[in-house]
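Asker: The structure's right below; bear with me while I get my questions together.
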Amino acid sequence: MSSVTPSDRWIVLKFGGTSVSRRHRWDTIGRLAKRRADENGARVLVVVSALSGVTNELQAIAEGAPHPAARIDALVERHRAFAQELAIDADAALGERLAALKALAADARSASRPLDWQAEVLGQGELMSSTLGAAYLRAQGFDFGWCDARDWLDAIALPNQNDWSTRLSVSCRREAEGDWRQRFAAQPARLLLTQGFIARHADGNTAILGRGGSDTSAAYFGSLLGAQRVEIWTDVPGMFSANPREVPDARLLTRLDYAEAQEIATTGAKVLHPRSIKPCRDGGVPMAILDTEKPDLPGTSIDGAALTVPGVKAISRRNGIVLVSMESVGMWQQVGFLADVFERFKRHGLSVDLIGSSETNVTVSLDPSENLVSTDVLAKLSADLAEICRVKVIAPCAAITLVGRGMRSLLHKLSDIWAAFGKERVHLISQSSNDLNLTFVIDEADADGLLPHLHAELVRSGAMPVQDASVFGPSWREIVQGPPAPPPAPWWRTQRERLLRMAAHGTPRYVYNLAVVRERARALNGATAIDRRFFALKANPHPDILRTLQAEGFGFECVSQGELQHVFTVFPQFDPGRVLFTPSFAPRGEYEAAFARGVTVTLDNVEALHNWPEVFAGRKIWVRLDLGRGEGHHAKVKTGGSASKFGLPIAALDAFVARARALDVRIVGVHAHLGSGVDLPKHWQQVYAELAGFADGIGTVEIIDIGGGLPIPYKPDASPFDIAAWAAGLAEIKAAYPRFQLAIEPGRYLVAESGALLLHVTQVVEKDGVRRVGGDAGMNALMRPALYEAYHGIHNLSRLDDARRAEFDIVGPICESSDVLAHSRLLPAATAEGDVLLIADAGAYGYVMANHYNLRDLPHEEAMDGDGIDEP
């Protein structure tokens, strides 16, 4: 039998400022504390912060803000008002605390503001909130006692601390000495309430744990008590894979080990203070982060029971980072140079975060959340360092950090992350020695809007294993809006028997459902801000698809003379004004043929105007601009930036306009397409706004073309693109620039989901533990997986309802190592030769990229609509 009695078992609950600033929140605190005590046969210690915003005001007073007396009066009135809300007699419950606060304003020390006086001021918030809360909870019938944290938490001096940190950012003893636990357990109430943020200094007065100190106080108490766990109750459900207010698709992290949680907290997550984890880790006390308003959510559990799966768990951003670059030719192999450098940081009480070095340079970062980094401190540091090296201070910077176990093993999955940072000015790259993080330091202004893109890329590449339910919970969007409605069954499920009959006539075979094309076209037609819609013919030029889209009012965007010819073959009388020609590095003759047909021609370089003036003289044209960046789901679909062959660089626009005017060329449209698979609705707003600025400068522009690139949910956990938000954004931005017409040119969105590729299984083979299913076509019929590492759903149509599954790679018959359609997919374990495989969402960039490689035949094509089948 255990020797631990109920009085020896403790659970520590910490509640922050937002959780103690409303009456109903205190009701929640009381219920939760009693529930934990009843469920676990334990005693409960509740640690609370000051009311929301109070510490900020007290800090302003401590730092010498004007009108301190008025500020204190306002704080007194706020606490009196809250006491009234709680139906508590403010004088009886809080009179002593309010008097102490006023006395500090009249204290003789207030004129010089010594650190011990500042600590006394800063600590008043928690003393007032805890006193008021204890009185309220007792009035509600809860068995709550109150204790002063300064009687139990002892500040300790650490080496190399400056005066400020020994009083206003202290560490505390975290191991119980002597009869500490017995004395604490001797307090009579089953439930106890105390303060975070404050401790006892060695001189017997108040010491402050620093920002986030209430979390750390709870951790110290948990470690000292050997608690069953420490629960941090706050206004968010836990730690997320990114800041959910910046990345709505960030996922709740339901379980982390101590080391990962420490890295995530240290590198930007504000929900838990980094200093709070070590006491619990050293004491073996599990932690949890939970939401006061949503107590039924799982929250984030943190413990050391076992290591979590490898992979990026979170991406975070810290602003206000200061870089100090120190350069000296004489440092190469100079003994003691780094010792001299870091002695100067020590002299100024500065803790270095990241370090990068070369033969002649050492660059370090300073995190303002852990340092008093003022202009004065930096000036003094720079003066001292200048004695031994050349110094450059770079600020403000942002540190973007990827956190997860086994970072070195993930580098091959991070190619697009490296590419994204290749567009920014990267000052420092740091990989942690514990293999838990990878950090990029860039200019703070360049970090805006970067996290959603990077988070999406981590999920897409598989570097962030969101499918692991033991670590990743629901997204922030799902928590706020509720789980998404289950997607409707894909059209091919209801047409299974029909598709099997089609496959019997020979495979590989593409099948297109025209009803899906029509539905997607009408969704885009609902965006009333759009004036002209062009279908990007390169996605799928099947005649029945073109007829369906023409009937819905779409024109066509072509990129070659062959595509132009195809449109006018299908529609001999088609209005050439509804055809857009946007070639890339096409020969002169194609431009001449396009002008001869009367279609709209887009040009993206000034050289053509110089080399072929007679082709363009007196014409109306559109100009395609490169806005200096590319977007999209893969590097090979990004069509902007210096690495891309597409678009006129902005720096060349003035020269282009001048040459056009000299040739009497009228620029009536501006166009930009930055890439495909962009999943942020605001992207197109930004493109329109930028193009409108350039259109104003040109002066003759009538229409703005924002390109295409709308995504579809290829993966099963992907959400459909929010067309409503996209359309609303376009209406909003067009209202700001009503003088221009708006054009779009989507391809994939209209046709991808309409298409399915049918294959027959040729062989099922096992090799060294890897099972492979072969089909009668591979990269010769569908290039996207080999070309873009694209994902397509793959299903065994012959055994669609078989429950027993096994993992297979799906490959084709082409003699290339890249002839792999998918890795590690679950298919029926009984999959066998002759079964029909269906590759979903293959209506865009499928047949058009098919080829005769290995002298294999092209796939068949069929279009279906309703009960009929239209043969090509």
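Chain labels follow the order of the structure tokens: the first chain is A, the next B, and so on; residue numbering restarts at 1 in every chain, and ligands are counted from 1 in their shown order.
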Using only C-alpha atoms, which residues sit within 7 Å of range 341-353 of chain A once same-chain residues fewer than 5 positions away are excluded, as a PyMOL selection string?

Answerer: chain A and resi 160-162+364-367+371+381+384-385

Asker: May I have the residues from that selection written out with C-alpha atoms, as a compact mmCIF listing (two decimals), in the first residue's frame?

Answerer:
```
# COMPACT_ATOMS: atom_id res chain seq x y z
CA ASN A 160 26.47 36.54 -12.88
CA GLN A 161 23.09 38.12 -12.12
CA ASN A 162 22.85 41.89 -12.22
CA VAL A 364 24.73 36.60 -31.63
CA SER A 365 21.09 37.37 -30.90
CA LEU A 366 19.55 38.95 -27.83
CA ASP A 367 15.96 38.13 -26.93
CA ASN A 371 17.11 40.69 -21.35
CA LEU A 381 27.88 47.13 -24.94
CA ASP A 384 33.01 47.90 -24.87
CA LEU A 385 33.07 45.52 -27.82
```

Asker: Can you list every residue in range 658-808 of chain A that DSSP puts in strand (DSSP E), as JSON, numbers by chain?

Answerer: {"A": [666, 667, 668, 669, 670, 671, 703, 704, 705, 741, 742, 743, 744, 755, 756, 757, 758, 759, 760, 761, 762, 763, 764, 765, 766, 767, 770, 771, 772, 773, 774, 775, 794, 795, 796, 805, 806, 807, 808]}

Asker: Taking only C-alpha atoms into account, which of A:Val701, A:Val285, A:Ile198, A:Val615 comes nearest Gln741 in chain A?

Answerer: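 Checking each of A:Val701, A:Val285, A:Ile198, A:Val615 against Gln741 in chain A, counting only C-alpha atoms, the winner is A:Val701.
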
Asker: Got a sec: who's within 9 Å of Lys102 in chain A, counting only C-alpha atoms, leaving out chain neighbours fewer than 3 positions off, as a list of chain:residue names?

Answerer: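 So, after excluding close chain neighbours, the residues are A:Ala69, A:Ile72, A:Asp73, A:Val76, A:Arg97, A:Leu98, A:Ala99, A:Ala105, A:Ala106, A:Asp107.
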
Asker: Could you save those same residues with N, CA and C atoms as a PDB file, in the first residue's frame?

Answerer:
```pdb
ATOM      1  N   ALA A  69      -0.099  58.915  -8.472  1.00  0.00           N
ATOM      2  CA  ALA A  69      -1.204  58.904  -7.509  1.00  0.00           C
ATOM      3  C   ALA A  69      -2.528  58.649  -8.208  1.00  0.00           C
ATOM      4  N   ILE A  72      -2.766  55.025  -9.218  1.00  0.00           N
ATOM      5  CA  ILE A  72      -3.081  54.151  -8.082  1.00  0.00           C
ATOM      6  C   ILE A  72      -4.544  54.293  -7.691  1.00  0.00           C
ATOM      7  N   ASP A  73      -5.062  55.516  -7.698  1.00  0.00           N
ATOM      8  CA  ASP A  73      -6.489  55.718  -7.400  1.00  0.00           C
ATOM      9  C   ASP A  73      -7.356  54.925  -8.377  1.00  0.00           C
ATOM     10  N   VAL A  76      -7.304  51.302  -7.403  1.00  0.00           N
ATOM     11  CA  VAL A  76      -8.141  51.100  -6.218  1.00  0.00           C
ATOM     12  C   VAL A  76      -9.605  51.032  -6.625  1.00  0.00           C
ATOM     13  N   ARG A  97      -5.183  45.628   1.802  1.00  0.00           N
ATOM     14  CA  ARG A  97      -4.403  45.588   0.565  1.00  0.00           C
ATOM     15  C   ARG A  97      -4.439  46.943  -0.154  1.00  0.00           C
ATOM     16  N   LEU A  98      -5.596  47.544  -0.195  1.00  0.00           N
ATOM     17  CA  LEU A  98      -5.712  48.838  -0.871  1.00  0.00           C
ATOM     18  C   LEU A  98      -4.893  49.904  -0.141  1.00  0.00           C
ATOM     19  N   ALA A  99      -4.899  49.816   1.187  1.00  0.00           N
ATOM     20  CA  ALA A  99      -4.121  50.779   1.981  1.00  0.00           C
ATOM     21  C   ALA A  99      -2.626  50.591   1.721  1.00  0.00           C
ATOM     22  N   ALA A 105       2.722  54.577  -2.774  1.00  0.00           N
ATOM     23  CA  ALA A 105       2.819  55.833  -3.534  1.00  0.00           C
ATOM     24  C   ALA A 105       3.382  56.946  -2.667  1.00  0.00           C
ATOM     25  N   ALA A 106       3.074  56.892  -1.380  1.00  0.00           N
ATOM     26  CA  ALA A 106       3.556  57.935  -0.465  1.00  0.00           C
ATOM     27  C   ALA A 106       4.917  57.603   0.138  1.00  0.00           C
ATOM     28  N   ASP A 107       5.412  56.413  -0.112  1.00  0.00           N
ATOM     29  CA  ASP A 107       6.702  55.970   0.428  1.00  0.00           C
ATOM     30  C   ASP A 107       7.814  56.901  -0.057  1.00  0.00           C
TER      31      ASP A 107
END
```

Asker: Would you mind listing what lies within 9 Å of Ala752 in chain A as a PDB file with N, CA and C atoms, in the first residue's frame, with only C-alpha atoms counted and same-chain residues fewer than 5 positions away left out?

Answerer:
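New file around_15.pdb:
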```pdb
ATOM      1  N   VAL A 517     -17.636  20.129 -63.550  1.00  0.00           N
ATOM      2  CA  VAL A 517     -17.098  21.323 -64.212  1.00  0.00           C
ATOM      3  C   VAL A 517     -18.125  22.450 -64.162  1.00  0.00           C
ATOM      4  N   ALA A 539      -4.870  23.466 -68.759  1.00  0.00           N
ATOM      5  CA  ALA A 539      -5.261  22.515 -67.715  1.00  0.00           C
ATOM      6  C   ALA A 539      -5.960  21.299 -68.306  1.00  0.00           C
ATOM      7  N   ASN A 540      -6.837  21.523 -69.299  1.00  0.00           N
ATOM      8  CA  ASN A 540      -7.551  20.408 -69.932  1.00  0.00           C
ATOM      9  C   ASN A 540      -8.340  20.931 -71.130  1.00  0.00           C
ATOM     10  N   ILE A 712      -7.463  23.141 -54.946  1.00  0.00           N
ATOM     11  CA  ILE A 712      -8.513  22.189 -54.593  1.00  0.00           C
ATOM     12  C   ILE A 712      -7.972  21.293 -53.483  1.00  0.00           C
ATOM     13  N   GLY A 747      -7.684  27.475 -63.944  1.00  0.00           N
ATOM     14  CA  GLY A 747      -7.656  26.230 -64.700  1.00  0.00           C
ATOM     15  C   GLY A 747      -7.998  25.065 -63.804  1.00  0.00           C
ATOM     16  N   ALA A 840      -7.899   9.898 -58.164  1.00  0.00           N
ATOM     17  CA  ALA A 840      -8.884  10.972 -58.069  1.00  0.00           C
ATOM     18  C   ALA A 840      -8.278  12.319 -58.427  1.00  0.00           C
ATOM     19  N   ASP A 841      -9.161  13.277 -58.708  1.00  0.00           N
ATOM     20  CA  ASP A 841      -8.789  14.690 -58.922  1.00  0.00           C
ATOM     21  C   ASP A 841      -7.738  14.825 -60.015  1.00  0.00           C
ATOM     22  N   ALA A 842      -7.917  14.070 -61.100  1.00  0.00           N
ATOM     23  CA  ALA A 842      -6.920  14.025 -62.166  1.00  0.00           C
ATOM     24  C   ALA A 842      -7.369  14.787 -63.414  1.00  0.00           C
ATOM     25  N   GLY A 843      -8.360  15.671 -63.269  1.00  0.00           N
ATOM     26  CA  GLY A 843      -8.884  16.365 -64.439  1.00  0.00           C
ATOM     27  C   GLY A 843      -8.053  17.527 -64.914  1.00  0.00           C
ATOM     28  N   ALA A 844      -7.074  17.967 -64.118  1.00  0.00           N
ATOM     29  CA  ALA A 844      -6.224  19.094 -64.514  1.00  0.00           C
ATOM     30  C   ALA A 844      -4.784  18.615 -64.649  1.00  0.00           C
ATOM     31  N   TYR A 845      -4.149  18.987 -65.737  1.00  0.00           N
ATOM     32  CA  TYR A 845      -2.747  18.659 -65.977  1.00  0.00           C
ATOM     33  C   TYR A 845      -2.506  17.151 -65.902  1.00  0.00           C
ATOM     34  N   GLY A 846      -3.461  16.410 -66.434  1.00  0.00           N
ATOM     35  CA  GLY A 846      -3.345  14.965 -66.505  1.00  0.00           C
ATOM     36  C   GLY A 846      -3.061  14.522 -67.932  1.00  0.00           C
TER      37      GLY A 846
END
```

Asker: Mind checking which residues fall within 10 Å of range 428-444 of chain A, counting only C-alpha atoms, ignoring those fewer than 4 positions away in the same chain, and posting them as an mmCIF file with N, CA and C atoms, in the first residue's frame?

Answerer:
```cif
data_model
loop_
_atom_site.group_PDB
_atom_site.id
_atom_site.type_symbol
_atom_site.label_atom_id
_atom_site.label_comp_id
_atom_site.auth_asym_id
_atom_site.auth_seq_id
_atom_site.Cartn_x
_atom_site.Cartn_y
_atom_site.Cartn_z
ATOM 1 N N ALA A 259 11.081 18.573 -23.331
ATOM 2 C CA ALA A 259 12.064 19.284 -24.150
ATOM 3 C C ALA A 259 11.400 20.030 -25.292
ATOM 4 N N GLU A 260 10.441 19.391 -25.963
ATOM 5 C CA GLU A 260 9.736 20.065 -27.053
ATOM 6 C C GLU A 260 8.938 21.254 -26.538
ATOM 7 N N GLN A 262 9.526 22.996 -23.932
ATOM 8 C CA GLN A 262 10.475 24.040 -23.559
ATOM 9 C C GLN A 262 10.900 24.847 -24.782
ATOM 10 N N GLU A 263 11.211 24.163 -25.871
ATOM 11 C CA GLU A 263 11.641 24.851 -27.090
ATOM 12 C C GLU A 263 10.514 25.710 -27.657
ATOM 13 N N ILE A 264 9.298 25.183 -27.673
ATOM 14 C CA ILE A 264 8.172 25.930 -28.233
ATOM 15 C C ILE A 264 7.897 27.172 -27.401
ATOM 16 N N THR A 267 10.739 29.769 -27.885
ATOM 17 C CA THR A 267 10.871 30.379 -29.203
ATOM 18 C C THR A 267 9.619 31.126 -29.659
ATOM 19 N N PRO A 310 9.018 11.787 -34.186
ATOM 20 C CA PRO A 310 9.833 12.812 -34.838
ATOM 21 C C PRO A 310 8.974 13.668 -35.759
ATOM 22 N N GLY A 311 9.423 14.881 -35.986
ATOM 23 C CA GLY A 311 8.708 15.774 -36.890
ATOM 24 C C GLY A 311 8.595 17.162 -36.307
ATOM 25 N N VAL A 312 8.330 18.142 -37.169
ATOM 26 C CA VAL A 312 8.132 19.514 -36.715
ATOM 27 C C VAL A 312 6.804 19.594 -35.983
ATOM 28 N N LYS A 313 6.838 20.045 -34.741
ATOM 29 C CA LYS A 313 5.616 20.182 -33.959
ATOM 30 C C LYS A 313 5.063 21.605 -34.024
ATOM 31 N N ALA A 314 5.939 22.582 -34.220
ATOM 32 C CA ALA A 314 5.469 23.965 -34.193
ATOM 33 C C ALA A 314 6.421 24.859 -34.960
ATOM 34 N N ILE A 315 5.860 25.943 -35.463
ATOM 35 C CA ILE A 315 6.664 27.011 -36.047
ATOM 36 C C ILE A 315 6.250 28.302 -35.355
ATOM 37 N N SER A 316 7.227 29.056 -34.912
ATOM 38 C CA SER A 316 6.923 30.236 -34.103
ATOM 39 C C SER A 316 7.726 31.429 -34.576
ATOM 40 N N ARG A 317 7.325 32.583 -34.092
ATOM 41 C CA ARG A 317 7.973 33.842 -34.469
ATOM 42 C C ARG A 317 8.180 34.682 -33.231
ATOM 43 N N ARG A 318 9.388 35.197 -33.073
ATOM 44 C CA ARG A 318 9.692 36.155 -32.007
ATOM 45 C C ARG A 318 10.105 37.473 -32.646
ATOM 46 N N ASN A 319 9.452 38.533 -32.257
ATOM 47 C CA ASN A 319 9.805 39.859 -32.760
ATOM 48 C C ASN A 319 10.762 40.563 -31.804
ATOM 49 N N GLY A 320 11.315 41.649 -32.265
ATOM 50 C CA GLY A 320 12.167 42.485 -31.417
ATOM 51 C C GLY A 320 13.539 41.923 -31.155
ATOM 52 N N ILE A 321 13.936 40.898 -31.910
ATOM 53 C CA ILE A 321 15.258 40.297 -31.723
ATOM 54 C C ILE A 321 16.337 41.300 -32.141
ATOM 55 N N VAL A 322 17.387 41.365 -31.352
ATOM 56 C CA VAL A 322 18.526 42.234 -31.653
ATOM 57 C C VAL A 322 19.724 41.353 -32.007
ATOM 58 N N LEU A 323 20.323 41.617 -33.159
ATOM 59 C CA LEU A 323 21.543 40.910 -33.549
ATOM 60 C C LEU A 323 22.748 41.800 -33.306
ATOM 61 N N LEU A 354 21.076 33.012 -29.704
ATOM 62 C CA LEU A 354 21.621 32.279 -30.845
ATOM 63 C C LEU A 354 23.040 32.738 -31.145
ATOM 64 N N ILE A 355 23.835 31.847 -31.704
ATOM 65 C CA ILE A 355 25.218 32.163 -32.054
ATOM 66 C C ILE A 355 25.513 31.623 -33.450
ATOM 67 N N GLY A 356 26.119 32.471 -34.276
ATOM 68 C CA GLY A 356 26.634 32.045 -35.572
ATOM 69 C C GLY A 356 28.056 32.543 -35.710
ATOM 70 N N SER A 357 28.931 31.759 -36.325
ATOM 71 C CA SER A 357 30.335 32.192 -36.407
ATOM 72 C C SER A 357 30.950 31.798 -37.744
ATOM 73 N N THR A 363 28.262 36.380 -34.743
ATOM 74 C CA THR A 363 27.000 37.111 -34.626
ATOM 75 C C THR A 363 26.137 36.399 -33.593
ATOM 76 N N VAL A 364 25.580 37.167 -32.669
ATOM 77 C CA VAL A 364 24.727 36.600 -31.626
ATOM 78 C C VAL A 364 23.411 37.357 -31.601
ATOM 79 N N SER A 365 22.391 36.706 -31.044
ATOM 80 C CA SER A 365 21.092 37.370 -30.900
ATOM 81 C C SER A 365 20.781 37.577 -29.425
ATOM 82 N N ILE A 394 22.008 45.012 -35.490
ATOM 83 C CA ILE A 394 20.950 44.869 -36.503
ATOM 84 C C ILE A 394 19.631 44.666 -35.782
ATOM 85 N N ALA A 395 18.712 45.598 -35.948
ATOM 86 C CA ALA A 395 17.423 45.511 -35.261
ATOM 87 C C ALA A 395 16.424 46.433 -35.977
ATOM 88 N N PRO A 396 15.113 46.131 -35.877
ATOM 89 C CA PRO A 396 14.551 44.949 -35.217
ATOM 90 C C PRO A 396 14.524 43.755 -36.169
ATOM 91 N N CYS A 397 14.724 42.589 -35.613
ATOM 92 C CA CYS A 397 14.691 41.351 -36.384
ATOM 93 C C CYS A 397 13.589 40.441 -35.838
ATOM 94 N N ALA A 398 13.270 39.438 -36.610
ATOM 95 C CA ALA A 398 12.337 38.398 -36.170
ATOM 96 C C ALA A 398 13.033 37.051 -36.301
ATOM 97 N N ALA A 399 12.832 36.202 -35.317
ATOM 98 C CA ALA A 399 13.369 34.840 -35.353
ATOM 99 C C ALA A 399 12.217 33.888 -35.668
ATOM 100 N N ILE A 400 12.314 33.191 -36.790
ATOM 101 C CA ILE A 400 11.328 32.174 -37.176
ATOM 102 C C ILE A 400 11.938 30.820 -36.851
ATOM 103 N N THR A 401 11.276 30.078 -35.974
ATOM 104 C CA THR A 401 11.858 28.832 -35.469
ATOM 105 C C THR A 401 10.952 27.647 -35.745
ATOM 106 N N LEU A 402 11.523 26.577 -36.273
ATOM 107 C CA LEU A 402 10.846 25.294 -36.411
ATOM 108 C C LEU A 402 11.283 24.436 -35.235
ATOM 109 N N VAL A 403 10.314 23.867 -34.526
ATOM 110 C CA VAL A 403 10.608 23.065 -33.337
ATOM 111 C C VAL A 403 10.068 21.653 -33.530
ATOM 112 N N GLY A 404 10.895 20.684 -33.193
ATOM 113 C CA GLY A 404 10.446 19.303 -33.235
ATOM 114 C C GLY A 404 11.604 18.363 -33.016
ATOM 115 N N ARG A 405 11.281 17.165 -32.617
ATOM 116 C CA ARG A 405 12.328 16.184 -32.351
ATOM 117 C C ARG A 405 12.854 15.617 -33.669
ATOM 118 N N GLY A 406 14.170 15.496 -33.756
ATOM 119 C CA GLY A 406 14.791 14.905 -34.940
ATOM 120 C C GLY A 406 14.860 15.846 -36.122
ATOM 121 N N MET A 407 15.191 17.130 -35.877
ATOM 122 C CA MET A 407 15.213 18.111 -36.963
ATOM 123 C C MET A 407 16.203 17.725 -38.057
ATOM 124 N N ARG A 408 17.348 17.165 -37.702
ATOM 125 C CA ARG A 408 18.360 16.854 -38.719
ATOM 126 C C ARG A 408 17.854 15.806 -39.708
ATOM 127 N N SER A 409 17.018 14.906 -39.243
ATOM 128 C CA SER A 409 16.496 13.866 -40.133
ATOM 129 C C SER A 409 15.386 14.383 -41.039
ATOM 130 N N LEU A 411 15.629 17.394 -42.789
ATOM 131 C CA LEU A 411 16.114 18.434 -43.693
ATOM 132 C C LEU A 411 15.699 18.181 -45.140
ATOM 133 N N TRP A 418 13.410 26.180 -47.075
ATOM 134 C CA TRP A 418 14.656 26.884 -47.393
ATOM 135 C C TRP A 418 14.428 27.836 -48.564
ATOM 136 N N PHE A 421 12.763 31.079 -47.501
ATOM 137 C CA PHE A 421 13.678 32.016 -46.859
ATOM 138 C C PHE A 421 14.708 32.566 -47.845
ATOM 139 N N GLU A 424 14.080 36.134 -48.656
ATOM 140 C CA GLU A 424 14.213 37.136 -47.612
ATOM 141 C C GLU A 424 15.697 37.407 -47.337
ATOM 142 N N ASP A 448 6.195 39.506 -41.748
ATOM 143 C CA ASP A 448 4.743 39.656 -41.797
ATOM 144 C C ASP A 448 4.153 38.750 -42.873
#
```

Asker: Using the chain letters and numbers from this document, which residues of range 511-649 of chain A does DSSP assign to helix (DSSP H, G or I), as a ChimeraX atom specification?

Answerer: /A:514-525,537-539,543-551,561-570,576-578,588-597,607-611,613-616,635-637

Asker: So how far away is CA of Lys538 in chain A from CA of Ala596 in chain A, in Å?

Answerer: 21.5 Å

Asker: Can you work out which one of A:Arg255, A:Arg597, A:His683, A:Arg23 has the shortest atom-to-atom distance to Val309 in chain A, counting only C-alpha atoms?

Answerer: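 Looking at the shortest contact to Val309 in chain A, the residue is A:Arg255.
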
Asker: Find the residues around Pro587 in chain A up to 12 Å (only C-alpha atoms counted), leave out those fewer than 2 positions away in its own chain, and share them as a PyMOL selection string.

Answerer: chain A and resi 559-561+583-585+589-594+608+611-612+615

Asker: Would you pick out the contacts of Phe534 in chain A at 10 Å or less, using only C-alpha atoms, so that residues sharing its chain but fewer than 5 positions from it are not included, and give the list as a PyMOL selection string?

Answerer: chain A and resi 549-550+553-558+578-580+705+707-708+743-747

Asker: Nearest residue to Ser129 in chain A out of A:Ser19, A:Gln228, A:Ser644, A:Ser325, using only C-alpha atoms?

Answerer: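 Under the stated criterion, the closest residue is A:Ser19.
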